[in-house]
>>> print(open('start.txt').read())   # compact mmCIF, C-alpha atoms
# COMPACT_ATOMS: atom_id res chain seq x y z
CA MET D 12 68.05 22.44 -115.15
CA ILE D 13 69.26 26.02 -115.03
CA ASN D 14 72.43 26.75 -117.00
CA LYS D 15 75.49 28.64 -115.81
CA GLU D 16 74.86 31.67 -118.02
CA ASN D 17 71.45 32.18 -116.40
CA PHE D 18 72.65 31.71 -112.81
CA PHE D 19 72.36 35.15 -111.19
CA LEU D 20 73.46 34.55 -107.62
CA GLY D 21 74.14 37.60 -105.46
CA SER D 22 73.41 39.00 -102.04
CA TYR D 23 72.12 41.73 -99.84
CA VAL D 24 74.50 44.71 -99.98
CA THR D 25 74.79 47.96 -98.06
CA PHE D 26 75.81 51.51 -98.90
CA ARG D 27 76.38 54.84 -97.24
CA LYS D 28 77.36 58.38 -98.13
CA PRO D 29 79.27 59.70 -100.00
CA ASN D 30 79.35 56.84 -102.54
CA TYR D 31 75.84 55.45 -101.98
CA LEU D 32 74.92 52.96 -104.72
CA LEU D 33 78.47 52.80 -106.02
CA ASP D 34 79.26 51.01 -102.75
CA ALA D 35 76.55 48.48 -103.57
CA VAL D 36 78.13 47.74 -106.93
CA LYS D 37 81.61 47.51 -105.39
CA GLN D 38 80.44 45.01 -102.76
CA THR D 39 78.65 42.91 -105.38
CA ILE D 40 81.84 42.68 -107.44
CA GLU D 41 83.95 41.85 -104.36
CA PHE D 42 81.50 39.11 -103.37
CA GLY D 43 81.49 37.67 -106.89
CA GLY D 44 77.77 38.35 -107.24
CA LYS D 45 75.63 38.68 -110.36
CA SER D 46 72.63 40.21 -108.60
CA MET D 47 72.05 42.47 -105.60
CA MET D 48 69.42 43.63 -103.13
CA PHE D 49 69.52 46.70 -100.92
CA PHE D 50 67.38 48.88 -98.69
CA VAL D 51 67.10 52.59 -99.46
CA GLY D 52 67.15 53.45 -95.78
CA SER D 53 67.40 51.65 -92.47
CA PRO D 54 65.23 48.48 -92.53
CA GLN D 55 63.79 49.48 -89.14
CA SER D 56 63.22 53.17 -89.88
CA HIS D 57 60.85 55.48 -91.71
CA GLN D 58 63.84 57.45 -92.97
CA ILE D 59 65.07 56.83 -96.51
CA PHE D 60 67.72 58.42 -98.68
CA PRO D 61 66.57 61.32 -100.87
CA LYS D 62 66.66 60.55 -104.58
CA ASN D 63 69.04 63.36 -105.44
CA VAL D 64 71.98 61.78 -103.53
CA LEU D 65 71.79 58.35 -105.13
CA LYS D 66 73.88 59.15 -108.23
CA ARG D 67 71.61 57.31 -110.65
CA GLU D 68 73.65 57.82 -113.80
CA ALA D 69 76.91 56.80 -112.11
CA PHE D 70 75.14 53.74 -110.68
CA HIS D 71 73.92 52.70 -114.13
CA GLN D 72 77.38 53.25 -115.61
CA ALA D 73 78.99 51.15 -112.86
CA LEU D 74 76.53 48.32 -113.49
CA LYS D 75 77.27 48.37 -117.21
CA LYS D 76 81.03 48.57 -116.69
CA ASN D 77 80.93 45.47 -114.49
CA ASN D 78 78.52 43.49 -116.70
CA LEU D 79 75.72 43.64 -114.14
CA ASP D 80 72.13 43.85 -115.37
CA LEU D 81 69.72 46.36 -113.83
CA ALA D 82 67.08 43.60 -114.13
CA ASN D 83 68.96 41.73 -111.37
CA VAL D 84 68.83 44.65 -108.95
CA VAL D 85 66.13 44.42 -106.27
CA ILE D 86 65.05 46.89 -103.58
CA HIS D 87 63.70 45.68 -100.24
CA SER D 88 61.20 47.91 -98.47
CA SER D 89 61.26 48.75 -94.75
CA TYR D 90 60.20 46.14 -92.21
CA LEU D 91 57.99 48.77 -90.54
CA ILE D 92 55.45 48.72 -93.35
CA ASN D 93 52.25 46.93 -92.35
CA LEU D 94 49.32 47.35 -94.71
CA ALA D 95 47.50 44.52 -92.91
CA ASN D 96 46.95 46.57 -89.75
CA ILE D 97 43.41 47.86 -90.19
CA SER D 98 42.93 48.89 -86.55
CA SER D 99 45.41 51.78 -86.63
CA SER D 100 44.91 54.53 -89.19
CA ARG D 101 48.24 56.05 -88.15
CA VAL D 102 50.17 52.83 -88.89
CA ARG D 103 48.39 52.45 -92.22
CA GLU D 104 49.03 56.05 -93.28
CA ASN D 105 52.71 55.81 -92.31
CA SER D 106 53.01 52.47 -94.11
CA LEU D 107 51.49 53.84 -97.31
CA LYS D 108 53.71 56.92 -97.20
CA LEU D 109 56.86 54.88 -96.63
CA LEU D 110 56.04 52.31 -99.31
CA THR D 111 55.23 55.11 -101.76
CA ASN D 112 58.60 56.73 -101.10
CA VAL D 113 60.47 53.44 -101.58
CA VAL D 114 58.65 52.65 -104.83
CA ASP D 115 59.30 56.21 -106.00
CA ILE D 116 63.05 55.60 -105.62
CA ALA D 117 62.76 52.29 -107.47
CA ASP D 118 60.98 54.07 -110.30
CA TYR D 119 63.68 56.76 -110.36
CA LEU D 120 66.46 54.16 -110.51
CA GLY D 121 64.69 51.93 -113.03
CA VAL D 122 64.49 49.01 -110.58
CA LYS D 123 61.56 46.78 -111.47
CA ASN D 124 60.80 44.89 -108.25
CA VAL D 125 60.36 46.18 -104.68
CA ILE D 126 60.12 43.39 -102.12
CA LEU D 127 57.51 43.78 -99.39
CA HIS D 128 56.60 41.72 -96.34
CA PRO D 129 52.79 41.59 -96.64
CA GLY D 130 52.29 42.44 -92.96
CA SER D 131 50.63 41.08 -89.83
CA SER D 132 46.91 41.05 -89.17
CA LEU D 133 47.42 41.28 -85.38
CA LEU D 134 43.98 40.86 -83.78
CA ASN D 135 42.13 41.86 -86.94
CA ASN D 136 40.12 39.60 -89.23
CA ARG D 137 42.61 37.86 -91.50
CA GLN D 138 40.60 38.14 -94.73
CA GLN D 139 39.90 41.82 -94.11
CA ALA D 140 43.61 42.33 -93.44
CA MET D 141 44.49 40.72 -96.79
CA ILE D 142 41.96 42.90 -98.61
CA SER D 143 43.48 45.89 -96.85
CA ILE D 144 46.89 44.90 -98.22
CA ALA D 145 45.50 44.65 -101.75
CA HIS D 146 43.87 48.08 -101.52
CA GLY D 147 47.06 49.58 -100.11
CA LEU D 148 49.09 48.10 -102.95
CA ASP D 149 46.62 49.56 -105.44
CA SER D 150 46.98 53.06 -104.03
CA VAL D 151 50.75 52.89 -104.51
CA LEU D 152 50.93 50.98 -107.79
CA ALA D 153 48.48 53.33 -109.49
CA GLN D 154 51.17 56.02 -109.24
CA PHE D 155 54.03 53.90 -110.61
CA PRO D 156 53.07 51.77 -113.63
CA ASN D 157 56.69 50.72 -114.27
CA VAL D 158 57.35 49.15 -110.85
CA ASN D 159 56.16 45.87 -109.35
CA ILE D 160 55.62 45.19 -105.66
CA CYS D 161 57.00 41.76 -104.92
CA LEU D 162 55.30 40.00 -102.00
CA GLU D 163 57.62 37.77 -100.00
CA THR D 164 56.59 34.31 -98.81
CA MET D 165 56.53 34.45 -95.01
CA SER D 166 57.26 31.90 -92.29
CA GLY D 167 53.89 32.41 -90.59
CA LYS D 168 55.14 33.50 -87.19
CA GLY D 169 52.53 35.24 -85.07
CA SER D 170 49.81 36.74 -87.26
CA GLU D 171 51.95 37.17 -90.38
CA VAL D 172 50.01 37.25 -93.63
CA GLY D 173 51.41 35.57 -96.74
CA LYS D 174 52.51 32.25 -95.26
CA THR D 175 50.74 30.21 -97.94
CA PHE D 176 50.38 30.50 -101.69
CA GLU D 177 46.62 30.69 -101.18
CA GLU D 178 46.95 33.80 -99.01
CA LEU D 179 49.24 35.50 -101.49
CA GLN D 180 46.84 34.73 -104.31
CA TYR D 181 43.95 36.08 -102.22
CA ILE D 182 45.78 39.40 -101.97
CA ILE D 183 46.53 39.44 -105.69
CA SER D 184 42.95 38.57 -106.61
CA HIS D 185 41.62 41.59 -104.68
CA SER D 186 43.95 44.04 -106.42
CA LYS D 187 43.14 46.21 -109.42
CA HIS D 188 46.82 46.09 -110.40
CA GLN D 189 47.41 42.34 -110.46
CA THR D 190 50.00 42.49 -113.24
CA GLN D 191 52.20 44.64 -110.98
CA ILE D 192 52.21 42.22 -108.05
CA THR D 193 54.94 39.59 -108.14
CA ILE D 194 56.34 37.04 -105.67
CA CYS D 195 59.65 36.49 -103.90
CA PHE D 196 60.39 32.99 -102.59
CA ASP D 197 62.27 32.95 -99.30
CA LEU D 198 63.59 29.40 -98.97
CA CYS D 199 63.92 29.55 -95.19
CA HIS D 200 60.36 30.87 -94.87
CA LEU D 201 58.94 28.23 -97.22
CA PHE D 202 60.67 25.49 -95.22
CA ALA D 203 59.45 26.96 -91.92
CA THR D 204 55.89 27.21 -93.23
CA GLY D 205 55.82 23.55 -94.26
CA TYR D 206 56.63 23.53 -97.97
CA ASP D 207 59.01 20.63 -98.53
CA VAL D 208 61.74 22.38 -100.48
CA VAL D 209 64.27 19.75 -99.36
CA ASN D 210 62.67 16.62 -100.81
CA ASN D 211 59.99 17.91 -103.20
CA PHE D 212 60.94 21.32 -104.55
CA SER D 213 59.47 20.42 -107.95
CA GLN D 214 56.18 19.68 -106.21
CA VAL D 215 56.35 23.04 -104.42
CA ILE D 216 56.88 24.72 -107.78
CA GLU D 217 53.96 22.83 -109.30
CA LYS D 218 51.67 23.90 -106.49
CA PHE D 219 52.78 27.52 -106.82
CA ASP D 220 52.15 27.39 -110.55
CA GLN D 221 48.66 26.00 -110.01
CA ILE D 222 47.67 28.57 -107.39
CA ILE D 223 49.47 31.75 -108.47
CA GLY D 224 51.33 31.07 -111.71
CA LEU D 225 55.04 30.59 -112.27
CA SER D 226 55.33 33.84 -114.23
CA LYS D 227 54.78 35.68 -110.93
CA LEU D 228 57.96 34.27 -109.36
CA VAL D 229 60.67 36.87 -109.96
CA VAL D 230 63.12 36.79 -107.00
CA VAL D 231 64.45 34.13 -104.59
CA HIS D 232 65.94 34.73 -101.15
CA VAL D 233 68.56 32.04 -100.62
CA ASN D 234 68.63 31.21 -96.90
CA ASP D 235 69.12 28.02 -94.92
CA SER D 236 66.90 27.53 -91.85
CA LEU D 237 67.99 27.35 -88.23
CA LYS D 238 64.58 26.07 -87.12
CA PRO D 239 62.82 22.80 -88.08
CA PHE D 240 60.50 22.12 -90.97
CA GLY D 241 57.02 23.52 -90.31
CA SER D 242 58.14 25.42 -87.21
CA HIS D 243 56.84 28.82 -88.42
CA LYS D 244 60.05 30.33 -87.03
CA ASP D 245 61.88 32.93 -89.10
CA ARG D 246 65.53 32.17 -88.30
CA HIS D 247 67.92 32.26 -91.23
CA ALA D 248 71.03 30.09 -91.19
CA ASN D 249 74.19 30.24 -93.24
CA ILE D 250 74.36 28.01 -96.29
CA GLY D 251 75.00 24.40 -95.37
CA GLN D 252 74.73 25.13 -91.65
CA GLY D 253 70.97 24.82 -91.32
CA LEU D 254 68.27 22.20 -91.65
CA ILE D 255 67.79 22.59 -95.40
CA GLY D 256 71.41 21.64 -96.09
CA LEU D 257 73.90 22.31 -98.85
CA ARG D 258 72.98 19.52 -101.30
CA PRO D 259 69.22 20.26 -101.27
CA MET D 260 70.02 23.96 -101.63
CA VAL D 261 72.15 23.24 -104.71
CA ASN D 262 69.34 21.13 -106.19
CA ILE D 263 66.89 23.97 -105.59
CA LEU D 264 69.07 26.60 -107.21
CA LYS D 265 69.60 24.46 -110.31
CA HIS D 266 65.86 23.96 -110.84
CA SER D 267 64.67 25.27 -114.20
CA ALA D 268 61.95 27.39 -112.53
CA LEU D 269 64.69 29.65 -111.16
CA ASN D 270 66.18 30.23 -114.60
CA LYS D 271 67.35 33.86 -114.96
CA LEU D 272 65.95 34.94 -111.58
CA PRO D 273 67.94 37.08 -109.11
CA LEU D 274 69.03 34.69 -106.33
CA ILE D 275 69.73 36.79 -103.24
CA LEU D 276 71.65 35.62 -100.18
CA GLU D 277 70.59 37.29 -96.94
CA THR D 278 72.19 34.88 -94.50
CA PRO D 279 73.50 36.01 -91.07
CA TYR D 280 76.75 37.90 -90.71
CA ILE D 281 79.60 35.94 -89.09
CA ASP D 282 81.64 37.88 -86.52
CA LYS D 283 79.94 41.05 -87.82
CA GLN D 284 81.20 40.37 -91.34
CA PRO D 285 79.12 39.46 -94.43
CA PRO D 286 79.63 35.81 -95.46
CA TYR D 287 78.53 36.36 -99.04
CA GLN D 288 81.82 36.02 -100.89
CA LYS D 289 82.38 32.62 -99.29
CA GLU D 290 78.78 31.49 -99.78
CA ILE D 291 78.61 32.62 -103.42
CA ARG D 292 81.83 30.72 -104.11
CA LEU D 293 80.54 27.65 -102.25
CA LEU D 294 77.22 27.51 -104.08
CA THR D 295 78.73 28.29 -107.47
CA GLU D 296 81.34 25.57 -107.10
CA HIS D 297 78.75 22.97 -106.07
CA CYS D 298 76.29 23.98 -108.77
CA TRP D 299 78.81 23.75 -111.60
CA LYS D 300 81.48 21.27 -110.54
>>> encode(input="start.txt", output="structure tokens")
Amino acid sequence: MINKENFFLGSYVTFRKPNYLLDAVKQTIEFGGKSMMFFVGSPQSHQIFPKNVLKREAFHQALKKNNLDLANVVIHSSYLINLANISSSRVRENSLKLLTNVVDIADYLGVKNVILHPGSSLLNNRQQAMISIAHGLDSVLAQFPNVNICLETMSGKGSEVGKTFEELQYIISHSKHQTQITICFDLCHLFATGYDVVNNFSQVIEKFDQIIGLSKLVVVHVNDSLKPFGSHKDRHANIGQGLIGLRPMVNILKHSALNKLPLILETPYIDKQPPYQKEIRLLTEHCWK
């Protein structure tokens, strides 16, 4: 079982000018979080913040002042990146440029892990698409030896790549920078794909360890699921209001495999307001009561 001192539950946070990352720290403290994840631009845009406005030193000082560890800070890359699309050179070039820029900011800030949706193969050959992802990752990682790209487990909707541990391992195995590729569990996505996180999370962990290796698991997205088990539908639900449920979620978060990992809530806003303070309090109380 995980212990309270190694329970780093936090959430997705936002920021804007003029305070930028200081807003991210402020939100994390207000929510009661011990970890955080943010985008460095709009999730649906190729535009990102320039490095020189991000106030790196002030950000690091704010983390230290509030007893937050930079190791529990995660950056999420843009949803527009698709290294699996091998039929459009324009999409691939734009994806590589955008991912490079995001990883460059992570390197500048000292953030270790950049989360990436592997992409969609569309009408292309799936194996070739996965090899294309690996080669794209290599071209970026070769420039930034101190940053990892963290592939997220996907729900498998449409032609999404990365819906199984085998597919993620296939990508890793075709990379020249395997030590710099890590994995982010998304609990909603795992459930939607058909991994029984509700009744057999230990078995899911064992399978992951056999196929990829537990040392590769470095981040967890904590989301309930609005859609049924095995549905391949990516619809996050608020904690305790989905088909995973509160008690199974608590059991998952207390599993020893998640010891010391950043646990990131990215559940839906309620009435246009983030639910994270309430959900962090709910999960913390149930994990340690």
>>> closest_residue(input="start.txt", among="D:Lys28, D:Ala69, D:Val85, D:Asn78", to="Phe50 of chain D", atoms="all atoms listed in the file")
D:Val85
>>> atom_distance(input="start.txt", atom1="atom CA of Asp149 of chain D", atom2="atom CA of Ile183 of chain D")
10.1 Å
>>> closest_atom_pairs(input="start.txt", of="segment 69-135 of chain D", to="segment 210-232 of chain D", cutoff="10 Å", atoms="only C-alpha atoms", output="Markdown table")
| residue | atom | partner | partner_atom | distance |
| --- | --- | --- | --- | --- |
| D:Asn83 | CA | D:Val230 | CA | 8.8 |
| D:Val84 | CA | D:Val230 | CA | 9.9 |
| D:Val85 | CA | D:Val230 | CA | 8.2 |
| D:Asn124 | CA | D:Val229 | CA | 8.2 |
| D:Ile126 | CA | D:Val230 | CA | 8.7 |
>>> residues_around(input="start.txt", residues="Ala153 of chain D", least_positions_apart="6", cutoff="10 Å", atoms="all atoms listed in the file", output="list in words")
Lys187, His188 and Gln191 of chain D
>>> write_last_selection(input="start.txt", atoms="C-alpha atoms", output="PDB file, in the coordinates of the input")
ATOM      1  CA  LYS D 187      43.140  46.210-109.420  1.00  0.00           C
ATOM      2  CA  HIS D 188      46.820  46.090-110.400  1.00  0.00           C
ATOM      3  CA  GLN D 191      52.200  44.640-110.980  1.00  0.00           C
TER       4      GLN D 191
END
>>> residues_around(input="start.txt", residues="Lys15 of chain D", least_positions_apart="2", cutoff="10 Å", atoms="only C-alpha atoms", output="ChimeraX atom specification")
/D:12-13,17-19,265,270-271,295,298-299
>>> atom_distance(input="start.txt", atom1="atom CA of Leu134 of chain D", atom2="atom CA of Arg103 of chain D")
15.0 Å
>>> closest_residue(input="start.txt", among="D:Lys75, D:Leu94, D:Thr204, D:Val36", to="Ser242 of chain D", atoms="all atoms listed in the file")
D:Thr204
>>> closest_residue(input="start.txt", among="D:Val102, D:Ile97, D:Ile250, D:Ile116", to="Pro61 of chain D", atoms="all atoms listed in the file")
D:Ile116
>>> atom_distance(input="start.txt", atom1="atom CA of Ile40 of chain D", atom2="atom CA of Leu254 of chain D")
29.2 Å
>>> closest_residue(input="start.txt", among="D:Asp34, D:Glu41, D:Glu171, D:Asp80", to="Pro273 of chain D", atoms="only C-alpha atoms")
D:Asp80
>>> closest_residue(input="start.txt", among="D:Asn249, D:Ser89, D:Ser184, D:Thr278", to="Val113 of chain D", atoms="all atoms listed in the file")
D:Ser89
>>> residues_around(input="start.txt", residues="segment 119-123 of chain D", least_positions_apart="3", cutoff="8 Å", atoms="only C-alpha atoms", output="NGL selection string")
:D and (62 or 67 or 81-82 or 84-86 or 115-116 or 157-159)
>>> residues_near_point(input="start.txt", point="(51.5, 38.0, -98.1)", cutoff="10 Å", atoms="all atoms listed in the file", output="PyMOL selection string")
chain D and resi 95+127-131+141+144-145+161-165+167+171-183+194
>>> write_last_selection(input="start.txt", atoms="C-alpha atoms", output="CSV table (one decimal), in the coordinates of the input")
chain,number,residue,atom,x,y,z
D,95,ALA,CA,47.5,44.5,-92.9
D,127,LEU,CA,57.5,43.8,-99.4
D,128,HIS,CA,56.6,41.7,-96.3
D,129,PRO,CA,52.8,41.6,-96.6
D,130,GLY,CA,52.3,42.4,-93.0
D,131,SER,CA,50.6,41.1,-89.8
D,141,MET,CA,44.5,40.7,-96.8
D,144,ILE,CA,46.9,44.9,-98.2
D,145,ALA,CA,45.5,44.6,-101.8
D,161,CYS,CA,57.0,41.8,-104.9
D,162,LEU,CA,55.3,40.0,-102.0
D,163,GLU,CA,57.6,37.8,-100.0
D,164,THR,CA,56.6,34.3,-98.8
D,165,MET,CA,56.5,34.4,-95.0
D,167,GLY,CA,53.9,32.4,-90.6
D,171,GLU,CA,52.0,37.2,-90.4
D,172,VAL,CA,50.0,37.2,-93.6
D,173,GLY,CA,51.4,35.6,-96.7
D,174,LYS,CA,52.5,32.2,-95.3
D,175,THR,CA,50.7,30.2,-97.9
D,176,PHE,CA,50.4,30.5,-101.7
D,177,GLU,CA,46.6,30.7,-101.2
D,178,GLU,CA,47.0,33.8,-99.0
D,179,LEU,CA,49.2,35.5,-101.5
D,180,GLN,CA,46.8,34.7,-104.3
D,181,TYR,CA,44.0,36.1,-102.2
D,182,ILE,CA,45.8,39.4,-102.0
D,183,ILE,CA,46.5,39.4,-105.7
D,194,ILE,CA,56.3,37.0,-105.7
>>> closest_residue(input="start.txt", among="D:Asp207, D:Glu277, D:Asp245, D:Glu16", to="Ser166 of chain D", atoms="only C-alpha atoms")
D:Asp245
